[in-house]
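Coordinates from query23.cif are shown below (mmCIF, C-alpha atoms and all ligand atoms).
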data_structure
loop_
_atom_site.label_atom_id
_atom_site.label_comp_id
_atom_site.auth_asym_id
_atom_site.auth_seq_id
_atom_site.Cartn_x
_atom_site.Cartn_y
_atom_site.Cartn_z
CA MET K 230 0.00 0.00 0.00
CA LYS K 231 1.26 3.48 -0.87
CA TYR K 232 1.09 6.25 1.71
CA ARG K 233 -1.09 9.20 0.78
CA ALA K 234 1.16 12.26 0.86
CA ILE K 235 1.42 15.99 0.27
CA LEU K 236 4.93 17.36 -0.27
CA LEU K 237 5.88 20.64 1.34
CA PHE K 238 8.52 21.91 -1.00
CA GLY K 239 10.79 24.95 -1.06
CA ALA K 240 14.23 26.36 -0.28
CA PRO K 241 15.62 26.46 3.27
CA GLY K 242 13.87 29.31 5.05
CA ALA K 243 10.78 29.27 2.81
CA GLY K 244 8.59 28.27 5.75
CA LYS K 245 7.95 24.54 5.21
CA GLY K 246 8.47 23.78 8.89
CA THR K 247 6.26 26.64 10.10
CA GLN K 248 3.37 25.59 7.85
CA GLY K 249 3.97 21.86 8.39
CA LYS K 250 3.68 22.24 12.16
CA ILE K 251 0.39 24.14 11.85
CA LEU K 252 -1.12 21.72 9.31
CA GLY K 253 0.04 18.76 11.40
CA GLN K 254 -2.37 19.90 14.13
CA ILE K 255 -5.32 19.16 11.84
CA PRO K 256 -6.80 15.68 12.42
CA ASN K 257 -5.73 13.17 9.76
CA PHE K 258 -2.67 15.21 8.73
CA ILE K 259 0.70 13.95 9.93
CA HIS K 260 3.68 16.29 9.63
CA PHE K 261 7.05 14.62 9.06
CA SER K 262 10.10 16.90 8.94
CA CYS K 263 13.18 15.03 7.78
CA GLY K 264 15.46 17.69 9.28
CA ASP K 265 13.73 17.29 12.68
CA ALA K 266 14.06 13.50 12.47
CA PHE K 267 17.81 13.94 11.95
CA ARG K 268 18.11 16.53 14.73
CA ASN K 269 16.28 14.17 17.12
CA LEU K 270 18.97 11.52 16.67
CA ARG K 271 21.45 11.20 19.49
CA VAL K 272 24.84 12.57 18.51
CA ASP K 273 26.57 9.47 19.84
CA THR K 274 24.87 7.24 17.25
CA GLN K 275 26.47 6.44 13.89
CA LEU K 276 23.75 8.21 11.88
CA GLY K 277 23.71 11.13 14.31
CA ARG K 278 27.40 11.65 13.62
CA VAL K 279 26.91 11.33 9.85
CA PHE K 280 24.13 13.92 10.02
CA MET K 281 26.30 16.39 11.96
CA ALA K 282 29.15 16.02 9.47
CA TYR K 283 26.96 16.75 6.43
CA ALA K 284 24.48 19.28 7.86
CA SER K 285 27.16 21.47 9.41
CA ASN K 286 28.50 22.02 5.87
CA GLY K 287 25.07 22.54 4.33
CA ARG K 288 25.23 19.26 2.41
CA LEU K 289 22.65 16.49 2.11
CA VAL K 290 23.02 13.29 4.11
CA PRO K 291 23.48 10.29 1.70
CA ASP K 292 20.24 8.86 0.32
CA GLU K 293 20.22 5.31 1.75
CA PRO K 294 20.42 6.21 5.47
CA THR K 295 18.01 9.09 4.86
CA ILE K 296 15.35 6.87 3.30
CA GLU K 297 15.94 4.27 6.00
CA LEU K 298 15.41 6.87 8.74
CA TRP K 299 12.19 7.97 7.05
CA THR K 300 10.92 4.38 6.64
CA ARG K 301 11.71 3.54 10.27
CA SER K 302 10.02 6.73 11.48
CA VAL K 303 6.86 6.06 9.48
CA GLU K 304 6.71 2.43 10.61
CA GLY K 305 7.18 3.64 14.19
CA MET K 306 4.27 6.07 13.83
CA ILE K 307 2.07 3.29 12.45
CA ALA K 308 3.04 0.88 15.26
CA THR K 309 2.24 3.48 17.93
CA GLY K 310 -1.09 4.44 16.29
CA ARG K 311 -0.03 8.01 15.46
CA PHE K 312 -0.38 7.40 11.74
CA ASN K 313 -3.16 5.40 10.14
CA PRO K 314 -2.28 5.03 6.43
CA GLU K 315 -5.92 4.24 5.59
CA ALA K 316 -7.23 7.57 6.80
CA ASP K 317 -4.31 9.94 7.20
CA THR K 318 -2.21 12.07 4.86
CA LEU K 319 1.52 12.52 5.39
CA LEU K 320 2.81 16.08 5.04
CA LEU K 321 6.39 15.52 3.99
CA ASP K 322 8.77 18.37 4.72
CA GLY K 323 12.35 18.01 3.46
CA ILE K 324 11.97 14.63 1.79
CA PRO K 325 12.35 13.67 -1.05
CA ARG K 326 15.18 16.16 -1.42
CA ASN K 327 16.79 15.10 -4.68
CA PRO K 328 15.58 13.20 -7.77
CA ARG K 329 17.10 9.93 -6.56
CA GLN K 330 15.14 10.07 -3.29
CA ALA K 331 12.00 10.85 -5.32
CA GLU K 332 12.71 7.78 -7.46
CA ILE K 333 13.23 5.49 -4.44
CA MET K 334 10.04 6.80 -2.83
CA ARG K 335 7.94 6.45 -5.98
CA GLU K 336 6.77 2.98 -4.92
CA LEU K 337 6.02 4.12 -1.38
CA LEU K 338 4.06 7.33 -1.89
CA ASP K 339 0.80 8.32 -3.47
CA VAL K 340 1.58 12.01 -3.92
CA LYS K 341 -1.64 14.03 -4.06
CA ALA K 342 -0.12 17.52 -4.22
CA ILE K 343 3.17 19.37 -4.09
CA LEU K 344 3.06 22.75 -2.40
CA ASN K 345 5.96 24.72 -3.82
CA LEU K 346 6.68 27.54 -1.37
CA PHE K 347 8.60 29.69 -3.78
CA CYS K 348 10.67 32.72 -2.88
CA PRO K 349 12.11 34.83 -5.68
CA VAL K 350 14.30 36.87 -3.32
CA MET K 351 17.24 34.80 -2.00
CA ASP K 352 18.28 37.54 0.44
CA LYS K 353 14.95 37.21 2.19
CA LEU K 354 15.71 33.53 2.86
CA VAL K 355 19.16 34.38 4.22
CA ILE K 356 17.65 36.89 6.67
CA ARG K 357 15.01 34.38 7.81
CA LEU K 358 17.65 31.67 8.36
CA GLN K 359 19.88 34.01 10.35
CA ARG K 360 16.95 34.99 12.56
CA ARG K 361 16.08 31.30 13.08
CA ALA K 362 19.65 30.51 14.14
CA PHE K 363 19.11 32.41 17.39
CA LYS K 364 15.53 31.35 18.00
CA GLU K 365 15.97 27.61 17.42
CA ASN K 366 19.63 27.12 18.18
CA ARG K 367 20.32 25.62 14.73
CA LEU K 368 24.02 25.17 14.12
CA ASP K 369 23.50 25.03 10.34
CA ASP K 370 21.81 28.46 10.39
CA ALA K 371 24.52 30.09 12.43
CA ASN K 372 27.06 31.02 9.80
CA ILE K 373 26.61 32.72 6.50
CA GLU K 374 28.89 30.30 4.64
CA THR K 375 26.74 27.30 5.68
CA ILE K 376 23.56 29.15 4.75
CA ARG K 377 24.96 29.89 1.31
CA ASN K 378 25.94 26.22 0.90
CA ARG K 379 22.42 25.10 1.81
CA LEU K 380 20.83 27.46 -0.67
CA GLU K 381 23.30 26.27 -3.29
CA THR K 382 22.51 22.61 -2.45
CA TYR K 383 18.83 23.45 -2.92
CA ARG K 384 19.50 25.07 -6.30
CA ARG K 385 21.80 22.28 -7.50
CA GLU K 386 20.12 19.11 -6.14
CA THR K 387 16.70 19.73 -4.63
CA ARG K 388 14.90 21.99 -7.12
CA ALA K 389 14.98 19.21 -9.74
CA VAL K 390 12.61 17.11 -7.57
CA LEU K 391 9.77 19.19 -9.06
CA GLU K 392 10.56 17.68 -12.46
CA CYS K 393 9.94 14.18 -11.09
CA TYR K 394 6.18 14.79 -10.71
CA PRO K 395 3.40 15.72 -13.13
CA GLU K 396 2.94 19.47 -13.39
CA ALA K 397 -0.73 19.17 -12.48
CA LEU K 398 0.28 18.16 -8.93
CA ILE K 399 2.42 21.25 -8.35
CA HIS K 400 0.84 24.29 -6.68
CA GLN K 401 2.75 27.55 -6.47
CA ILE K 402 2.54 29.27 -3.08
CA ASP K 403 4.14 32.69 -2.60
CA SER K 404 6.24 32.21 0.52
CA THR K 405 7.17 35.89 0.81
CA GLN K 406 3.70 36.57 2.23
CA GLU K 407 3.08 36.63 5.97
CA PRO K 408 2.57 33.12 7.43
CA LEU K 409 -1.21 33.50 7.79
CA LEU K 410 -1.61 34.28 4.09
CA VAL K 411 0.70 31.42 3.11
CA LEU K 412 -1.51 29.16 5.22
CA LYS K 413 -4.64 30.53 3.52
CA ASP K 414 -3.22 29.68 0.07
CA ILE K 415 -2.19 26.20 1.24
CA LEU K 416 -5.61 25.50 2.73
CA LYS K 417 -7.24 26.52 -0.54
CA VAL K 418 -5.28 23.76 -2.30
CA VAL K 419 -5.63 21.12 0.41
CA THR K 420 -9.37 21.55 0.93
CA ASP K 421 -9.95 20.93 -2.78
CA LEU K 422 -8.15 17.57 -2.77
CA PRO K 423 -10.28 14.42 -2.89
CA LYS K 424 -10.70 12.85 0.56
CA PRO K 425 -9.22 9.42 1.36
CA ALA K 426 -11.63 6.51 0.87
CA ILE K 427 -11.74 5.89 4.63
CA SER K 428 -12.02 8.93 6.85
CA ASP K 429 -12.36 8.38 10.57
CA GLY K 430 -13.79 11.83 11.23
CA GLY K 431 -10.97 13.16 13.31
CA THR K 432 -9.34 10.58 15.53
CA THR K 433 -6.54 8.39 14.33
CA PHE K 434 -6.92 4.75 15.17
CA SER K 435 -6.04 1.56 13.41
CA GLY K 436 -8.52 0.18 10.88
CA ALA K 437 -8.66 -3.09 12.83
CA HIS K 438 -10.50 -1.26 15.61
CA LEU K 439 -13.06 0.46 13.44
CA ILE K 440 -16.50 -0.19 14.88
CA ARG K 441 -19.28 0.52 12.47
CA PRO K 442 -22.91 1.04 13.55
P1 LIG J 501 16.40 23.41 5.79
O1 LIG J 501 15.27 23.00 4.88
O2 LIG J 501 16.13 24.69 6.48
O3 LIG J 501 17.74 23.33 5.13
P2 LIG J 501 16.09 20.95 7.30
O4 LIG J 501 15.77 21.00 8.75
O5 LIG J 501 15.03 20.45 6.38
O6 LIG J 501 16.55 22.41 6.95
O7 LIG J 501 17.42 20.06 7.05
C1 LIG J 501 18.61 20.27 7.77
C2 LIG J 501 19.70 19.38 7.22
O8 LIG J 501 19.34 17.98 7.40
C3 LIG J 501 19.98 19.50 5.73
O9 LIG J 501 20.86 20.56 5.43
C4 LIG J 501 20.59 18.12 5.41
O10 LIG J 501 21.94 18.04 5.80
C5 LIG J 501 19.79 17.18 6.31
N1 LIG J 501 18.61 16.63 5.60
C6 LIG J 501 17.31 16.88 5.88
N2 LIG J 501 16.50 16.20 5.04
C7 LIG J 501 17.31 15.50 4.20
C8 LIG J 501 17.09 14.61 3.11
N3 LIG J 501 15.86 14.27 2.68
N4 LIG J 501 18.18 14.08 2.48
C9 LIG J 501 19.42 14.38 2.87
N5 LIG J 501 19.70 15.21 3.89
C10 LIG J 501 18.66 15.78 4.56
#
Would you mind writing the structure in this file as structure tokens?
Ligand code: ADP
Amino acid sequence: MKYRAILLFGAPGAGKGTQGKILGQIPNFIHFSCGDAFRNLRVDTQLGRVFMAYASNGRLVPDEPTIELWTRSVEGMIATGRFNPEADTLLLDGIPRNPRQAEIMRELLDVKAILNLFCPVMDKLVIRLQRRAFKENRLDDANIETIRNRLETYRRETRAVLECYPEALIHQIDSTQEPLLVLKDILKVVTDLPKPAISDGGTTFSGAHLIRP
């Protein structure tokens, strides 16, 4: 079975995390931030160390361990009842992050929409990332060189992910607007999507426990 998914897409600083956290509060929407999953790893684990080495230079972690972390996280959410693939939609933030990841995930995802949070002004992203460095204690936001590397990684490797999906799935969202207006534009797209075949009306529980009148 493929997981129903919406991709939150955009350059670092475009606001994927901000919007993903808000949307993840809505019943039946599950926010998964790949960056957060990496940051939640203990630094004394093998993958935690790999993550630190790559992220501190603004580079992407290699694809295999990244996909494995994602798969394990999703399976964990299913096992603990936080994600019911029959009724819920995954909001993927930061994955897939290059065409190869998109290719590997093709068999695993039923992508319903891609929300491209575009930002024509790179300097605006740099300012947002520098502000976030202090607020969220992010080591990869702290220095201008790393920020520039991340934006360059986005331009060189990530942007091409959009070409892996049919154009009809891609929705352009102007991320230079204030967060409330970005949210309004996102909700316009998401509310128009067809609902999953099984909707449990708000609570997430496994299909095996569905009690029908
Ligand atoms: P941002 O989008 O602001 O760059 P994230 O929190 O999404 O920040 O990611 C932080 C870092 O985590 C990235 O720079 C990269 O090193 C690593 N990372 C996150 N997601 C992926 C991914 N899908 N593939 C490879 N590396 C990733």
query: What residues have any atom no more than 7 Å from ligand LIG 501 (chain J) when counting only C-alpha atoms and all ligand atoms, and can you list them as a PyMOL selection string?
result: chain K and resi 240-242+262-265+267+280+283-284+287-292+295+322-326+379
May I have the residues within 12 Å of Asn378 of chain K as a PDB file with C-alpha atoms, keeping the file's coordinate frame, using only C-alpha atoms and disregarding those fewer than 2 positions away in the same chain?
ATOM      1  CA  ALA K 240      14.230  26.360  -0.280  1.00  0.00           C
ATOM      2  CA  PRO K 241      15.620  26.460   3.270  1.00  0.00           C
ATOM      3  CA  TYR K 283      26.960  16.750   6.430  1.00  0.00           C
ATOM      4  CA  ALA K 284      24.480  19.280   7.860  1.00  0.00           C
ATOM      5  CA  SER K 285      27.160  21.470   9.410  1.00  0.00           C
ATOM      6  CA  ASN K 286      28.500  22.020   5.870  1.00  0.00           C
ATOM      7  CA  GLY K 287      25.070  22.540   4.330  1.00  0.00           C
ATOM      8  CA  ARG K 288      25.230  19.260   2.410  1.00  0.00           C
ATOM      9  CA  LEU K 289      22.650  16.490   2.110  1.00  0.00           C
ATOM     10  CA  VAL K 355      19.160  34.380   4.220  1.00  0.00           C
ATOM     11  CA  ASP K 369      23.500  25.030  10.340  1.00  0.00           C
ATOM     12  CA  ASP K 370      21.810  28.460  10.390  1.00  0.00           C
ATOM     13  CA  ASN K 372      27.060  31.020   9.800  1.00  0.00           C
ATOM     14  CA  ILE K 373      26.610  32.720   6.500  1.00  0.00           C
ATOM     15  CA  GLU K 374      28.890  30.300   4.640  1.00  0.00           C
ATOM     16  CA  THR K 375      26.740  27.300   5.680  1.00  0.00           C
ATOM     17  CA  ILE K 376      23.560  29.150   4.750  1.00  0.00           C
ATOM     18  CA  LEU K 380      20.830  27.460  -0.670  1.00  0.00           C
ATOM     19  CA  GLU K 381      23.300  26.270  -3.290  1.00  0.00           C
ATOM     20  CA  THR K 382      22.510  22.610  -2.450  1.00  0.00           C
ATOM     21  CA  TYR K 383      18.830  23.450  -2.920  1.00  0.00           C
ATOM     22  CA  ARG K 384      19.500  25.070  -6.300  1.00  0.00           C
ATOM     23  CA  ARG K 385      21.800  22.280  -7.500  1.00  0.00           C
ATOM     24  CA  GLU K 386      20.120  19.110  -6.140  1.00  0.00           C
TER      25      GLU K 386
END
- prompt: Can you tell me how far atom CA of Leu320 of chain K sits from atom CA of Pro349 of chain K, in Å to one decimal?
  reply: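 Taking atom CA of Leu320 of chain K as the start and atom CA of Pro349 of chain K as the end point, the length is 23.5 Å.
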query: For Ile235 of chain K, which of K:Arg357, K:Pro314, K:Gly277, K:Lys341 is the closest residue, counting all atoms listed in the file?
result: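 Among the listed residues, the smallest separation from Ile235 of chain K belongs to K:Lys341.
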- request: Using atom CA of Leu412 of chain K and atom CA of Leu319 of chain K as the two end points, give the distance in Å to one decimal.
  value: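 So the answer is 16.9 Å.
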task: Name the residues in contact with Glu396 of chain K at a cut-off of 10 Å, using only C-alpha atoms, excluding same-chain residues fewer than 4 positions from it; report them as JSON, numbers by chain.
output: {"K": [342, 343, 391, 392, 400]}
- prompt: At a cut-off of 12 Å from (3.3, 27.2, 12.2) in the coordinates of the file, what residues are picked up using all atoms listed in the file, written as a VMD selection string?
  reply: chain K and resid 244 to 255 260 407 to 412
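Using only C-alpha atoms, the nearest neighbour of Val350 of chain K within the list K:Asp403, K:Glu304, K:Glu332, K:Glu315 is K:Asp403.
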query: Which residue gives the smallest distance to Asp339 of chain K among K:Ile259, K:Leu398, K:Met306, K:Leu276, with all atoms listed in the file counted?
result: K:Leu398
Set up a box along x, y and z of the file covering all listed atoms of segment 311-329 of chain K, add 4 Å on every one of the six sides, and write the centre and edge lengths in Å to one decimal, as AutoDock Vina command-line options.
--center_x 4.9 --center_y 11.3 --center_z 3.8 --size_x 32.3 --size_y 22.1 --size_z 31.2
